[in-house]
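Report on the structure given below.
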Amino acid sequence: MVSPFTLPPTGFGPGSQPDPDGELQYLPMPSGMRTYSPHIPDADDIAALAETLAMLAEMAAACEVVAQGAPAVSFDLGALSPAARKVMADALGQGEVSMKIRGLPAVMVQESVFAGVWMLLAAGMDVVEIAPVPTLSLTRAHLPHSPAIGVLAKRIPGLANAPALLAELVDKSRSRRAGEIAHVVNLSLLPHTPEDLVWLSEALGEGAVTILSRGYGNCRVTSCAQAHVWKVQFFNSMDTLILDTYEVCEMPEVALAAAEDLADSAIRIRDVIEAIR
């Protein structure tokens, strides 16, 4: 019996012929994965090095105790001499998480190359905080930049599932208990319209904290004015939105340094200290 499916002759069909205009064009491949890279600061000032090493040793010890559940520990970089402050900045480097915290004063946060070691800079503030996440990002998170007005948000044509999603998020926000597993509403898997997203954004308001985590692609996290609610969006390395969610929690896990990360940072800081010595 002759098969009803006949293979096309070799050398025919899409992609079988050379591109008359030049080389074949391929889709760009994902790139830009950031990984830990130790850096040994170079300084000739012996006194500045000694000052920096002493504080780095204290930071390593703090990473260990915070990893075991102790409260956050802060270090005042303003207490360092200008030369030592420069060496410290070189040693800490820049990691993959940064934050903007609105308020008085507004604070810029940059994670160092050591997970859980955060640099906070503002008017009158130049500190390093050892913690899963900076304390200010928790205490100021839901201070309203634009208020959460809930169902008072103006109804617009095209609205579909947003009111039901809002009711779910507000209910989980009000019943939230510290330490509970995050409640996630995955918009990427739910039917919704562009108008739904606009209405939800207005209804939930905007808080004081914006976070960018740069790893394999980007994760952008924004606090809502509604307590415990965060907007979490994941983008691939070509900046295409691949996951769009709301999370009800104290802080989305993507922004947190785990206990294992902090313990590992203690080891890495000590490795840098030994290399400098």
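All residue names refer to the structure tokens as shown: chains lettered A, B, ... in order, residues numbered from 1 in each chain, ligands numbered from 1 in order.
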If you take only C-alpha atoms and a cut-off of 7 Å, which residues of segment 120-201 of chain A touch segment 245-258 of chain A, and what are their nearest atom pairs and distances in Å to one decimal, in chain and number order, as a tab-separated table?
```
residue	atom	partner	partner_atom	distance
A:Pro132	CA	A:Ala257	CA	4.4
A:Val133	CA	A:Leu256	CA	5.5
A:Lys172	CA	A:Val248	CA	6.8
A:Ser173	CA	A:Val248	CA	6.3
A:Ala182	CA	A:Cys249	CA	4.9
A:His183	CA	A:Val248	CA	5.0
A:Val184	CA	A:Glu247	CA	4.5
A:Val185	CA	A:Tyr246	CA	5.2
A:Asn186	CA	A:Thr245	CA	4.5
A:Leu187	CA	A:Thr245	CA	5.4
```
File of the preceding selection, N, CA and C atoms, as a compact mmCIF listing (two decimals), in the first residue's frame:
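What follows is the written file part11.txt:
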```
# COMPACT_ATOMS: atom_id res chain seq x y z
N PRO A 132 18.42 39.70 55.23
CA PRO A 132 17.81 39.10 54.04
C PRO A 132 17.34 40.15 53.05
N VAL A 133 16.86 41.27 53.59
CA VAL A 133 16.43 42.40 52.77
C VAL A 133 16.53 43.64 53.66
N LYS A 172 -7.00 38.50 50.73
CA LYS A 172 -5.75 37.88 51.18
C LYS A 172 -4.87 38.89 51.91
N SER A 173 -4.92 40.15 51.48
CA SER A 173 -4.16 41.20 52.15
C SER A 173 -4.62 41.39 53.59
N ALA A 182 3.34 32.82 50.48
CA ALA A 182 2.83 33.89 49.63
C ALA A 182 1.63 33.40 48.81
N HIS A 183 0.64 34.27 48.68
CA HIS A 183 -0.50 33.99 47.81
C HIS A 183 -0.22 34.68 46.47
N VAL A 184 -0.21 33.91 45.39
CA VAL A 184 0.18 34.44 44.08
C VAL A 184 -1.01 34.40 43.12
N VAL A 185 -1.26 35.53 42.48
CA VAL A 185 -2.24 35.61 41.39
C VAL A 185 -1.45 35.74 40.10
N ASN A 186 -1.49 34.71 39.29
CA ASN A 186 -0.70 34.67 38.06
C ASN A 186 -1.52 35.19 36.89
N LEU A 187 -1.28 36.43 36.53
CA LEU A 187 -2.04 37.05 35.44
C LEU A 187 -1.72 36.40 34.09
```
Checklist line | Shell of 6 Å around Pro147 of chain A, only C-alpha atoms, local chain residues under 2 positions omitted, as a VMD selection string | finding: chain A and resid 144 149 205 225
Can you tell me, as a CSV table (one decimal) with C-alpha atoms, in the first residue's frame, what residues are no more than 6 Å from Trp118 of chain A when counting only C-alpha atoms, ignoring any on the same chain fewer than 3 positions away?
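And here is the file that came out, result_39.csv:
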```csv
chain,number,residue,atom,x,y,z
A,110,GLN,CA,22.5,48.3,46.0
A,111,GLU,CA,23.3,44.8,46.9
A,112,SER,CA,27.0,44.1,47.0
A,128,VAL,CA,25.9,48.7,54.9
A,129,GLU,CA,23.1,46.5,56.3
```
Next item on the list: Please provide as a ChimeraX atom specification all residues within 9 Å of Val209 of chain A, with the sequence filter that same-chain residues fewer than 5 positions apart are discarded (counting only C-alpha atoms).
Entry: /A:99-102,137-138,140-143,221-224
So that I can check the surroundings of Trp199 of chain A, please list as a compact mmCIF listing (two decimals) with N, CA and C atoms, in the first residue's frame every protein, DNA and RNA residue that reaches within 12 Å of it, counting only C-alpha atoms and ignoring chain neighbours fewer than 4 positions away.
```txt
# COMPACT_ATOMS: atom_id res chain seq x y z
N ALA A 148 -4.31 53.36 47.56
CA ALA A 148 -5.12 52.20 47.16
C ALA A 148 -6.58 52.57 47.35
N ILE A 149 -7.32 52.75 46.26
CA ILE A 149 -8.71 53.20 46.36
C ILE A 149 -9.70 52.06 46.12
N GLY A 150 -9.19 50.88 45.81
CA GLY A 150 -10.05 49.71 45.69
C GLY A 150 -11.16 49.86 44.68
N VAL A 151 -12.37 49.50 45.07
CA VAL A 151 -13.51 49.51 44.15
C VAL A 151 -13.93 50.93 43.76
N LEU A 152 -13.32 51.93 44.39
CA LEU A 152 -13.62 53.31 43.98
C LEU A 152 -12.92 53.70 42.69
N ALA A 153 -12.01 52.84 42.22
CA ALA A 153 -11.35 53.11 40.93
C ALA A 153 -12.41 53.20 39.84
N LYS A 154 -12.23 54.16 38.97
CA LYS A 154 -13.23 54.43 37.94
C LYS A 154 -13.38 53.26 36.98
N ARG A 155 -14.62 52.78 36.82
CA ARG A 155 -14.90 51.70 35.87
C ARG A 155 -14.69 52.21 34.45
N ILE A 156 -14.00 51.41 33.65
CA ILE A 156 -13.70 51.82 32.28
C ILE A 156 -14.20 50.75 31.31
N PRO A 157 -14.52 51.14 30.07
CA PRO A 157 -14.94 50.14 29.07
C PRO A 157 -13.84 49.09 28.86
N GLY A 158 -14.24 47.85 28.71
CA GLY A 158 -13.28 46.77 28.50
C GLY A 158 -12.92 46.02 29.76
N LEU A 159 -13.44 46.47 30.90
CA LEU A 159 -13.16 45.81 32.17
C LEU A 159 -13.83 44.43 32.18
N ALA A 160 -13.07 43.41 32.62
CA ALA A 160 -13.61 42.05 32.63
C ALA A 160 -13.42 41.39 33.99
N ASN A 161 -12.24 40.83 34.24
CA ASN A 161 -12.01 40.04 35.45
C ASN A 161 -11.33 40.80 36.58
N ALA A 162 -10.97 42.05 36.35
CA ALA A 162 -10.24 42.79 37.38
C ALA A 162 -10.99 42.93 38.70
N PRO A 163 -12.30 43.23 38.72
CA PRO A 163 -12.98 43.35 40.02
C PRO A 163 -12.90 42.07 40.86
N ALA A 164 -13.02 40.91 40.21
CA ALA A 164 -12.92 39.64 40.95
C ALA A 164 -11.50 39.44 41.48
N LEU A 165 -10.50 39.79 40.68
CA LEU A 165 -9.11 39.65 41.12
C LEU A 165 -8.81 40.61 42.28
N LEU A 166 -9.37 41.80 42.20
CA LEU A 166 -9.17 42.77 43.28
C LEU A 166 -9.77 42.24 44.59
N HIS A 192 -7.61 38.09 30.92
CA HIS A 192 -7.77 39.48 31.32
C HIS A 192 -7.56 40.38 30.11
N THR A 193 -8.01 41.61 30.23
CA THR A 193 -7.86 42.59 29.17
C THR A 193 -6.83 43.64 29.59
N PRO A 194 -6.31 44.41 28.64
CA PRO A 194 -5.41 45.51 29.02
C PRO A 194 -6.07 46.47 30.00
N GLU A 195 -7.39 46.67 29.84
CA GLU A 195 -8.11 47.56 30.75
C GLU A 195 -8.14 47.00 32.17
N ALA A 203 -6.55 50.65 41.37
CA ALA A 203 -7.25 50.20 42.57
C ALA A 203 -6.30 49.85 43.71
N LEU A 204 -5.16 49.25 43.38
CA LEU A 204 -4.21 48.80 44.40
C LEU A 204 -3.21 49.88 44.79
N GLY A 205 -3.11 50.93 43.97
CA GLY A 205 -2.20 52.01 44.29
C GLY A 205 -0.74 51.61 44.12
```
Checklist line | Sel. of helix (DSSP H, G or I) residues, segment 40-207 of chain A, as a ChimeraX atom specification | finding: /A:46-67,77-79,82-92,135-139,150-152,162-174,187-189,194-204
Next item on the list: Record the distance separating atom CA of Cys219 of chain A and atom CA of Phe235 of chain A, expressed in Å with one decimal.
Entry: 6.1 Å
Next item on the list: Quick one: pick out all strand (DSSP E or B) residues within segment 78-275 of chain A from a backbone DSSP run and write them as an MDAnalysis selection string.
Entry: chainID A and resid 97:101 107:111 117:122 125:130 146 183:186 206 209:215 217:223 229:235 241:248
Note to self: At a cut-off of 9 Å, using only C-alpha atoms, what residues contact segment 78-86 of chain A? Leave out same-chain residues fewer than 3 positions from it and give the result as a list in words.
What the structure shows: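 Using only C-alpha atoms, the neighbours found are Ala43, Asp45, Ala47, Ala48, Leu49, Ala50, Glu51, Thr52, Phe75, Ala89, Asp90, Ala91, Met125, Asp126 and Val127 of chain A.
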Using the selection just defined, write its residues with N, CA, C and O atoms as a short mmCIF file (atom, residue, chain, number, x, y, z; two decimals), in the first residue's frame.
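The new file result_2.cif reads:
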```cif
data_model
loop_
_atom_site.label_atom_id
_atom_site.label_comp_id
_atom_site.auth_asym_id
_atom_site.auth_seq_id
_atom_site.Cartn_x
_atom_site.Cartn_y
_atom_site.Cartn_z
N ALA A 43 45.09 48.68 46.61
CA ALA A 43 45.34 49.94 47.31
C ALA A 43 46.75 49.92 47.92
O ALA A 43 47.20 48.89 48.41
N ASP A 45 47.62 52.25 50.25
CA ASP A 45 47.53 52.85 51.59
C ASP A 45 47.32 51.73 52.62
O ASP A 45 46.23 51.18 52.74
N ALA A 47 47.25 51.83 55.88
CA ALA A 47 46.31 52.17 56.94
C ALA A 47 44.87 52.02 56.45
O ALA A 47 44.00 51.51 57.18
N ALA A 48 44.58 52.43 55.21
CA ALA A 48 43.23 52.30 54.64
C ALA A 48 42.85 50.84 54.49
O ALA A 48 41.72 50.43 54.77
N LEU A 49 43.80 50.01 54.06
CA LEU A 49 43.55 48.59 53.92
C LEU A 49 43.23 47.95 55.27
O LEU A 49 42.29 47.15 55.39
N ALA A 50 44.00 48.31 56.28
CA ALA A 50 43.77 47.74 57.61
C ALA A 50 42.40 48.13 58.14
O ALA A 50 41.69 47.31 58.74
N GLU A 51 42.02 49.38 57.92
CA GLU A 51 40.72 49.87 58.37
C GLU A 51 39.59 49.11 57.67
O GLU A 51 38.60 48.71 58.29
N THR A 52 39.76 48.91 56.36
CA THR A 52 38.75 48.20 55.57
C THR A 52 38.64 46.74 55.99
O THR A 52 37.54 46.20 56.16
N PHE A 75 26.38 48.81 59.47
CA PHE A 75 27.72 49.36 59.59
C PHE A 75 27.74 50.74 58.95
O PHE A 75 27.30 50.90 57.81
N ALA A 89 34.30 50.26 48.92
CA ALA A 89 33.41 50.24 47.75
C ALA A 89 33.95 49.28 46.69
O ALA A 89 33.18 48.55 46.06
N ASP A 90 35.27 49.27 46.52
CA ASP A 90 35.89 48.38 45.55
C ASP A 90 35.72 46.92 45.96
O ASP A 90 35.46 46.04 45.13
N ALA A 91 35.86 46.64 47.25
CA ALA A 91 35.75 45.27 47.74
C ALA A 91 34.32 44.75 47.65
O ALA A 91 34.09 43.58 47.33
N MET A 125 23.06 59.42 55.03
CA MET A 125 23.10 57.96 55.24
C MET A 125 24.07 57.32 54.27
O MET A 125 23.97 57.48 53.05
N ASP A 126 25.04 56.60 54.81
CA ASP A 126 25.98 55.82 54.00
C ASP A 126 26.31 54.57 54.82
O ASP A 126 27.27 54.55 55.59
N VAL A 127 25.49 53.54 54.68
CA VAL A 127 25.62 52.37 55.56
C VAL A 127 25.58 51.08 54.75
O VAL A 127 25.13 51.05 53.59
#
```
Item checked: Residue neighbourhood Cys63 of chain A, 10 Å, only C-alpha atoms, exclusion window fewer than 4 positions, as a list in words -> Ala57, Glu58, Met59, Ala67, Gln68, Ala70, Ala72, Val73, Phe114, Ala115, Gly116, Val117, Glu129, Ile130, Ala131, Pro132, Ala259, Asp261, Leu262, Ala263, Asp264, Ser265, Ala266, Ile267 and Ile269 of chain A
Item checked: Computed interatomic separation between atom CA of Lys231 of chain A and atom CA of Val66 of chain A (Å) -> 27.4 Å
